[in-house]
Amino acid sequence: PPSKARSTPASRAALAAIRPIAQSRDGATNDSILERVGRAAPDLPPGDALWDAIAERDRLLFHPYESFEPVLRLLHLAAEDPGVLAIKQVLYRTSSTSEVIRALERAAQNGKQVTVLLELQALFDEERNVAWASRLEDAGATVLYGLAGLKTHAKALLIVRRGPSGIERYAHVGTGNYNERTALEYSDLSLLSADDDLCADLTAFFNVVTGYSE
């Protein structure tokens, strides 16, 4: 007969982390949800020390048990950091009050080269993505509308920064959308990395979509 499932400290902690998600259906604000969920702090320092932490080694986050905050913080840091030269990102679905869009707008307004591939064929999010595209373009970003005949579902971010020793590249890839609200509900992985091979692959990827998108 199948063995009886046992409740371990790890499983109890996981259940405790996701229990507030069921309570978030009452219309609570994003901020109050963020206070309740994803409190497990990954081994990442606060503030702009995040650059050095990612350069030191890859950082893998498991949402929603680990907060999506480091991903949002990386974008906001990039938007304000005078050393950041370019931000390139693929967006499929975002939240209705997207912190990601706000950070990209701010980066463009600060004179950074911001390139966003916004998939207009995202089912049920088509109208929202058209509105985001308009806002980003008004802020000065370059917006691409996907590859003709294809649907781009990648979750990828590349940041190019001038550091003390020259040009640095930072990457985020994940299995979930850049949506801070659904990151509280769905199980997904996020990888923050400065790995040369990964960043080179993302550079090539963005070169392709920039050259062939319409």
# chains A, B, ... in the order shown; residues from 1 in each chain; ligands from 1

call {"tool": "residues_around", "arguments": {"residues": "Leu50 (chain A)", "least_positions_apart": "4", "cutoff": "12 Å", "atoms": "only C-alpha atoms", "output": "PyMOL selection string"}}
result
chain A and resi 42-46+54-59+69-78+170+192-194

call {"tool": "residues_around", "arguments": {"residues": "Gly83 (chain A)", "least_positions_apart": "5", "cutoff": "12 Å", "atoms": "only C-alpha atoms", "output": "CSV table (one decimal) with N, CA, C and O atoms, in the first residue's frame"}}
result
chain,number,residue,atom,x,y,z
A,51,TRP,N,24.1,44.1,-7.3
A,51,TRP,CA,25.0,43.9,-8.5
A,51,TRP,C,26.2,43.0,-8.2
A,51,TRP,O,26.4,42.0,-8.9
A,77,LEU,N,17.0,49.3,-9.9
A,77,LEU,CA,18.4,49.7,-9.8
A,77,LEU,C,18.9,50.1,-11.2
A,77,LEU,O,19.6,51.1,-11.3
A,78,ALA,N,18.6,49.2,-12.1
A,78,ALA,CA,19.1,49.5,-13.5
A,78,ALA,C,18.5,50.8,-14.0
A,78,ALA,O,19.2,51.5,-14.8
A,107,ALA,N,13.7,54.1,-16.7
A,107,ALA,CA,15.0,53.9,-17.4
A,107,ALA,C,15.1,54.7,-18.7
A,107,ALA,O,16.1,55.4,-19.0
A,110,ASN,N,15.5,58.3,-18.2
A,110,ASN,CA,16.8,58.6,-17.7
A,110,ASN,C,17.9,58.5,-18.8
A,110,ASN,O,19.1,58.6,-18.5
A,111,GLY,N,17.5,58.2,-20.0
A,111,GLY,CA,18.4,58.2,-21.1
A,111,GLY,C,19.0,56.9,-21.4
A,111,GLY,O,19.9,56.8,-22.3
A,112,LYS,N,18.6,55.8,-20.8
A,112,LYS,CA,19.1,54.5,-21.1
A,112,LYS,C,18.5,53.9,-22.4
A,112,LYS,O,17.3,54.3,-22.7
A,113,GLN,N,19.2,53.1,-23.0
A,113,GLN,CA,18.7,52.5,-24.2
A,113,GLN,C,17.8,51.3,-23.8
A,113,GLN,O,18.3,50.3,-23.4
A,159,ILE,N,20.8,43.3,-19.0
A,159,ILE,CA,21.2,44.6,-18.6
A,159,ILE,C,22.7,44.8,-18.9
A,159,ILE,O,23.5,44.0,-18.6
A,160,VAL,N,23.0,45.9,-19.6
A,160,VAL,CA,24.4,46.2,-20.0
A,160,VAL,C,24.8,47.4,-19.1
A,160,VAL,O,24.1,48.4,-19.2
A,161,ARG,N,25.9,47.2,-18.4
A,161,ARG,CA,26.3,48.2,-17.4
A,161,ARG,C,27.8,48.5,-17.6
A,161,ARG,O,28.6,47.6,-17.8
A,162,ARG,N,28.2,49.8,-17.4
A,162,ARG,CA,29.6,50.1,-17.4
A,162,ARG,C,30.1,50.0,-15.9
A,162,ARG,O,29.7,50.8,-15.1
A,163,GLY,N,30.9,49.0,-15.6
A,163,GLY,CA,31.4,48.9,-14.3
A,163,GLY,C,32.9,49.3,-14.1
A,163,GLY,O,33.5,49.9,-15.1
A,164,PRO,N,33.4,49.2,-12.9
A,164,PRO,CA,34.8,49.6,-12.7
A,164,PRO,C,35.8,49.0,-13.6
A,164,PRO,O,36.8,49.6,-13.9
A,165,SER,N,35.6,47.8,-14.1
A,165,SER,CA,36.6,47.1,-14.9
A,165,SER,C,36.1,47.0,-16.4
A,165,SER,O,36.8,46.3,-17.2
A,166,GLY,N,35.1,47.7,-16.7
A,166,GLY,CA,34.6,47.7,-18.1
A,166,GLY,C,33.2,47.3,-18.2
A,166,GLY,O,32.4,47.5,-17.3
A,167,ILE,N,32.8,46.9,-19.4
A,167,ILE,CA,31.3,46.5,-19.6
A,167,ILE,C,31.0,45.2,-18.9
A,167,ILE,O,31.7,44.2,-19.0
A,168,GLU,N,29.9,45.3,-18.2
A,168,GLU,CA,29.3,44.1,-17.5
A,168,GLU,C,27.9,43.8,-18.0
A,168,GLU,O,27.2,44.7,-18.4
A,169,ARG,N,27.5,42.6,-18.0
A,169,ARG,CA,26.2,42.2,-18.4
A,169,ARG,C,25.6,41.3,-17.3
A,169,ARG,O,26.2,40.5,-16.7

call {"tool": "closest_residue", "arguments": {"among": "A:Ala133, A:Ala86, A:Ala154, A:Leu147", "to": "Ile101 (chain A)", "atoms": "only C-alpha atoms"}}
result
A:Ala133

call {"tool": "closest_residue", "arguments": {"among": "A:Leu91, A:Ala156, A:Val84, A:Val100", "to": "Val130 (chain A)", "atoms": "only C-alpha atoms"}}
result
A:Leu91

call {"tool": "closest_residue", "arguments": {"among": "A:Ser187, A:Thr182, A:Ser67, A:Thr115", "to": "Leu85 (chain A)", "atoms": "only C-alpha atoms"}}
result
A:Thr115

call {"tool": "select_by_dssp", "arguments": {"residues": "region 55-208 of chain A", "states": "helix (DSSP H, G or I)", "output": "mmCIF file with N, CA, C and O atoms, in the first residue's frame"}}
result
data_model
loop_
_atom_site.group_PDB
_atom_site.id
_atom_site.type_symbol
_atom_site.label_atom_id
_atom_site.label_comp_id
_atom_site.auth_asym_id
_atom_site.auth_seq_id
_atom_site.Cartn_x
_atom_site.Cartn_y
_atom_site.Cartn_z
ATOM 1 N N ALA A 55 27.076 39.184 -9.622
ATOM 2 C CA ALA A 55 28.363 38.972 -10.291
ATOM 3 C C ALA A 55 29.173 37.872 -9.606
ATOM 4 O O ALA A 55 29.939 37.152 -10.257
ATOM 5 N N GLU A 56 28.994 37.721 -8.312
ATOM 6 C CA GLU A 56 29.739 36.716 -7.547
ATOM 7 C C GLU A 56 29.348 35.304 -7.953
ATOM 8 O O GLU A 56 30.194 34.440 -8.147
ATOM 9 N N GLU A 69 10.817 40.057 -5.251
ATOM 10 C CA GLU A 69 11.366 41.401 -5.039
ATOM 11 C C GLU A 69 12.744 41.616 -5.649
ATOM 12 O O GLU A 69 13.005 42.696 -6.220
ATOM 13 N N PRO A 70 13.691 40.643 -5.560
ATOM 14 C CA PRO A 70 15.009 40.899 -6.168
ATOM 15 C C PRO A 70 14.954 41.172 -7.669
ATOM 16 O O PRO A 70 15.763 41.949 -8.187
ATOM 17 N N VAL A 71 13.999 40.560 -8.366
ATOM 18 C CA VAL A 71 13.863 40.803 -9.808
ATOM 19 C C VAL A 71 13.401 42.235 -10.045
ATOM 20 O O VAL A 71 13.949 42.958 -10.888
ATOM 21 N N LEU A 72 12.394 42.665 -9.283
ATOM 22 C CA LEU A 72 11.914 44.037 -9.402
ATOM 23 C C LEU A 72 12.992 45.035 -8.989
ATOM 24 O O LEU A 72 13.176 46.078 -9.632
ATOM 25 N N ARG A 73 13.726 44.693 -7.932
ATOM 26 C CA ARG A 73 14.780 45.608 -7.464
ATOM 27 C C ARG A 73 15.878 45.755 -8.500
ATOM 28 O O ARG A 73 16.411 46.853 -8.709
ATOM 29 N N LEU A 74 16.224 44.654 -9.170
ATOM 30 C CA LEU A 74 17.247 44.726 -10.210
ATOM 31 C C LEU A 74 16.827 45.702 -11.304
ATOM 32 O O LEU A 74 17.630 46.515 -11.777
ATOM 33 N N LEU A 75 15.560 45.644 -11.700
ATOM 34 C CA LEU A 75 15.067 46.555 -12.736
ATOM 35 C C LEU A 75 15.077 47.998 -12.256
ATOM 36 O O LEU A 75 15.473 48.912 -13.002
ATOM 37 N N HIS A 76 14.636 48.235 -11.034
ATOM 38 C CA HIS A 76 14.627 49.603 -10.517
ATOM 39 C C HIS A 76 16.047 50.142 -10.336
ATOM 40 O O HIS A 76 16.303 51.322 -10.601
ATOM 41 N N LEU A 77 16.962 49.295 -9.891
ATOM 42 C CA LEU A 77 18.360 49.713 -9.787
ATOM 43 C C LEU A 77 18.911 50.082 -11.159
ATOM 44 O O LEU A 77 19.601 51.101 -11.321
ATOM 45 N N ALA A 78 18.605 49.250 -12.146
ATOM 46 C CA ALA A 78 19.096 49.512 -13.502
ATOM 47 C C ALA A 78 18.544 50.818 -14.047
ATOM 48 O O ALA A 78 19.228 51.536 -14.774
ATOM 49 N N ALA A 79 17.303 51.126 -13.697
ATOM 50 C CA ALA A 79 16.685 52.357 -14.189
ATOM 51 C C ALA A 79 17.368 53.601 -13.655
ATOM 52 O O ALA A 79 17.419 54.635 -14.333
ATOM 53 N N GLU A 80 17.930 53.514 -12.441
ATOM 54 C CA GLU A 80 18.517 54.695 -11.793
ATOM 55 C C GLU A 80 20.039 54.715 -11.830
ATOM 56 O O GLU A 80 20.635 55.776 -11.639
ATOM 57 N N GLU A 99 5.002 47.116 -11.888
ATOM 58 C CA GLU A 99 6.244 47.732 -11.450
ATOM 59 C C GLU A 99 7.328 47.593 -12.518
ATOM 60 O O GLU A 99 8.236 48.419 -12.617
ATOM 61 N N VAL A 100 7.237 46.543 -13.311
ATOM 62 C CA VAL A 100 8.211 46.329 -14.382
ATOM 63 C C VAL A 100 8.106 47.444 -15.417
ATOM 64 O O VAL A 100 9.114 48.039 -15.833
ATOM 65 N N ILE A 101 6.887 47.753 -15.837
ATOM 66 C CA ILE A 101 6.680 48.828 -16.808
ATOM 67 C C ILE A 101 7.161 50.157 -16.231
ATOM 68 O O ILE A 101 7.822 50.954 -16.919
ATOM 69 N N ARG A 102 6.871 50.416 -14.972
ATOM 70 C CA ARG A 102 7.301 51.667 -14.348
ATOM 71 C C ARG A 102 8.822 51.790 -14.360
ATOM 72 O O ARG A 102 9.369 52.867 -14.629
ATOM 73 N N ALA A 103 9.504 50.699 -14.058
ATOM 74 C CA ALA A 103 10.965 50.739 -14.057
ATOM 75 C C ALA A 103 11.512 50.970 -15.462
ATOM 76 O O ALA A 103 12.462 51.747 -15.651
ATOM 77 N N LEU A 104 10.918 50.328 -16.452
ATOM 78 C CA LEU A 104 11.382 50.510 -17.832
ATOM 79 C C LEU A 104 11.108 51.933 -18.316
ATOM 80 O O LEU A 104 11.947 52.531 -19.011
ATOM 81 N N GLU A 105 9.960 52.482 -17.955
ATOM 82 C CA GLU A 105 9.665 53.882 -18.291
ATOM 83 C C GLU A 105 10.709 54.806 -17.684
ATOM 84 O O GLU A 105 11.225 55.713 -18.363
ATOM 85 N N ARG A 106 10.995 54.590 -16.417
ATOM 86 C CA ARG A 106 11.962 55.436 -15.719
ATOM 87 C C ARG A 106 13.341 55.339 -16.365
ATOM 88 O O ARG A 106 14.045 56.344 -16.527
ATOM 89 N N ALA A 107 13.732 54.133 -16.743
ATOM 90 C CA ALA A 107 15.037 53.931 -17.379
ATOM 91 C C ALA A 107 15.113 54.705 -18.697
ATOM 92 O O ALA A 107 16.121 55.365 -18.981
ATOM 93 N N ALA A 108 14.060 54.625 -19.496
ATOM 94 C CA ALA A 108 14.047 55.350 -20.771
ATOM 95 C C ALA A 108 14.100 56.854 -20.544
ATOM 96 O O ALA A 108 14.817 57.583 -21.241
ATOM 97 N N GLN A 109 13.352 57.323 -19.558
ATOM 98 C CA GLN A 109 13.359 58.749 -19.242
ATOM 99 C C GLN A 109 14.731 59.216 -18.756
ATOM 100 O O GLN A 109 15.092 60.384 -18.934
ATOM 101 N N GLU A 126 -4.089 41.229 -24.779
ATOM 102 C CA GLU A 126 -3.744 41.993 -25.976
ATOM 103 C C GLU A 126 -3.940 43.499 -25.759
ATOM 104 O O GLU A 126 -3.060 44.307 -26.077
ATOM 105 N N GLU A 127 -5.095 43.878 -25.223
ATOM 106 C CA GLU A 127 -5.401 45.305 -25.043
ATOM 107 C C GLU A 127 -4.446 45.950 -24.042
ATOM 108 O O GLU A 127 -3.960 47.066 -24.260
ATOM 109 N N ARG A 128 -4.177 45.246 -22.956
ATOM 110 C CA ARG A 128 -3.254 45.786 -21.956
ATOM 111 C C ARG A 128 -1.861 45.979 -22.543
ATOM 112 O O ARG A 128 -1.209 46.997 -22.297
ATOM 113 N N ASN A 129 -1.393 45.019 -23.332
ATOM 114 C CA ASN A 129 -0.059 45.129 -23.896
ATOM 115 C C ASN A 129 0.050 46.267 -24.906
ATOM 116 O O ASN A 129 1.096 46.907 -25.024
ATOM 117 N N VAL A 130 -1.035 46.529 -25.639
ATOM 118 C CA VAL A 130 -1.036 47.679 -26.552
ATOM 119 C C VAL A 130 -0.889 48.975 -25.754
ATOM 120 O O VAL A 130 -0.137 49.886 -26.138
ATOM 121 N N ALA A 131 -1.594 49.059 -24.625
ATOM 122 C CA ALA A 131 -1.491 50.257 -23.776
ATOM 123 C C ALA A 131 -0.093 50.407 -23.200
ATOM 124 O O ALA A 131 0.465 51.513 -23.163
ATOM 125 N N TRP A 132 0.510 49.290 -22.740
ATOM 126 C CA TRP A 132 1.878 49.356 -22.216
ATOM 127 C C TRP A 132 2.855 49.795 -23.301
ATOM 128 O O TRP A 132 3.762 50.584 -23.053
ATOM 129 N N ALA A 133 2.674 49.277 -24.505
ATOM 130 C CA ALA A 133 3.561 49.648 -25.612
ATOM 131 C C ALA A 133 3.524 51.145 -25.859
ATOM 132 O O ALA A 133 4.566 51.790 -26.055
ATOM 133 N N SER A 134 2.328 51.715 -25.817
ATOM 134 C CA SER A 134 2.181 53.151 -26.030
ATOM 135 C C SER A 134 2.880 53.945 -24.933
ATOM 136 O O SER A 134 3.585 54.927 -25.217
ATOM 137 N N ARG A 135 2.730 53.509 -23.689
ATOM 138 C CA ARG A 135 3.389 54.202 -22.578
ATOM 139 C C ARG A 135 4.901 54.131 -22.687
ATOM 140 O O ARG A 135 5.604 55.114 -22.458
ATOM 141 N N LEU A 136 5.411 52.971 -23.036
ATOM 142 C CA LEU A 136 6.858 52.805 -23.159
ATOM 143 C C LEU A 136 7.413 53.662 -24.297
ATOM 144 O O LEU A 136 8.476 54.284 -24.161
ATOM 145 N N GLU A 137 6.711 53.690 -25.407
ATOM 146 C CA GLU A 137 7.165 54.514 -26.525
ATOM 147 C C GLU A 137 7.148 55.993 -26.154
ATOM 148 O O GLU A 137 8.065 56.748 -26.504
ATOM 149 N N ASP A 138 6.130 56.425 -25.437
ATOM 150 C CA ASP A 138 6.053 57.818 -24.995
ATOM 151 C C ASP A 138 7.217 58.165 -24.073
ATOM 152 O O ASP A 138 7.673 59.319 -24.047
ATOM 153 N N ALA A 139 7.704 57.172 -23.321
ATOM 154 C CA ALA A 139 8.828 57.404 -22.412
ATOM 155 C C ALA A 139 10.167 57.407 -23.140
ATOM 156 O O ALA A 139 11.183 57.805 -22.558
ATOM 157 N N THR A 182 1.045 37.617 -10.015
ATOM 158 C CA THR A 182 0.956 36.170 -10.202
ATOM 159 C C THR A 182 2.185 35.460 -9.651
ATOM 160 O O THR A 182 2.135 34.251 -9.393
ATOM 161 N N ALA A 183 3.282 36.194 -9.461
ATOM 162 C CA ALA A 183 4.469 35.589 -8.835
ATOM 163 C C ALA A 183 4.201 35.193 -7.391
ATOM 164 O O ALA A 183 4.980 34.447 -6.792
ATOM 165 N N LEU A 184 3.089 35.690 -6.839
ATOM 166 C CA LEU A 184 2.691 35.320 -5.485
ATOM 167 C C LEU A 184 1.860 34.037 -5.462
ATOM 168 O O LEU A 184 1.562 33.521 -4.394
ATOM 169 N N ASP A 196 28.965 34.667 -18.377
ATOM 170 C CA ASP A 196 29.342 35.173 -19.702
ATOM 171 C C ASP A 196 28.615 34.448 -20.828
ATOM 172 O O ASP A 196 28.155 35.072 -21.790
ATOM 173 N N ASP A 197 28.516 33.121 -20.732
ATOM 174 C CA ASP A 197 27.873 32.352 -21.799
ATOM 175 C C ASP A 197 26.387 32.665 -21.889
ATOM 176 O O ASP A 197 25.839 32.837 -22.987
ATOM 177 N N LEU A 198 25.724 32.725 -20.742
ATOM 178 C CA LEU A 198 24.293 33.033 -20.750
ATOM 179 C C LEU A 198 24.047 34.433 -21.301
ATOM 180 O O LEU A 198 23.144 34.643 -22.127
ATOM 181 N N CYS A 199 24.838 35.392 -20.852
ATOM 182 C CA CYS A 199 24.660 36.771 -21.318
ATOM 183 C C CYS A 199 24.970 36.890 -22.811
ATOM 184 O O CYS A 199 24.313 37.663 -23.530
ATOM 185 N N ALA A 200 25.938 36.119 -23.292
ATOM 186 C CA ALA A 200 26.238 36.128 -24.731
ATOM 187 C C ALA A 200 25.066 35.548 -25.519
ATOM 188 O O ALA A 200 24.711 36.064 -26.593
ATOM 189 N N ASP A 201 24.455 34.481 -24.999
ATOM 190 C CA ASP A 201 23.283 33.904 -25.668
ATOM 191 C C ASP A 201 22.128 34.904 -25.717
ATOM 192 O O ASP A 201 21.449 35.035 -26.739
ATOM 193 N N LEU A 202 21.900 35.603 -24.608
ATOM 194 C CA LEU A 202 20.817 36.582 -24.581
ATOM 195 C C LEU A 202 21.117 37.754 -25.502
ATOM 196 O O LEU A 202 20.207 38.289 -26.153
ATOM 197 N N THR A 203 22.388 38.152 -25.587
ATOM 198 C CA THR A 203 22.761 39.216 -26.512
ATOM 199 C C THR A 203 22.442 38.808 -27.944
ATOM 200 O O THR A 203 21.864 39.579 -28.722
ATOM 201 N N ALA A 204 22.789 37.575 -28.295
ATOM 202 C CA ALA A 204 22.496 37.068 -29.639
ATOM 203 C C ALA A 204 20.992 36.989 -29.870
ATOM 204 O O ALA A 204 20.500 37.330 -30.953
ATOM 205 N N PHE A 205 20.253 36.542 -28.858
ATOM 206 C CA PHE A 205 18.799 36.456 -28.971
ATOM 207 C C PHE A 205 18.189 37.821 -29.258
ATOM 208 O O PHE A 205 17.374 37.982 -30.181
ATOM 209 N N PHE A 206 18.586 38.823 -28.470
ATOM 210 C CA PHE A 206 18.017 40.158 -28.667
ATOM 211 C C PHE A 206 18.478 40.774 -29.996
ATOM 212 O O PHE A 206 17.719 41.529 -30.622
ATOM 213 N N ASN A 207 19.670 40.450 -30.444
ATOM 214 C CA ASN A 207 20.106 40.913 -31.766
ATOM 215 C C ASN A 207 19.211 40.346 -32.864
ATOM 216 O O ASN A 207 18.860 41.038 -33.823
ATOM 217 N N VAL A 208 18.816 39.079 -32.708
ATOM 218 C CA VAL A 208 17.955 38.451 -33.707
ATOM 219 C C VAL A 208 16.571 39.100 -33.707
ATOM 220 O O VAL A 208 16.061 39.506 -34.751
#

call {"tool": "residues_around", "arguments": {"residues": "Glu119 (chain A)", "least_positions_apart": "6", "cutoff": "6 Å", "atoms": "only C-alpha atoms", "output": "PyMOL selection string"}}
result
chain A and resi 92+145-146
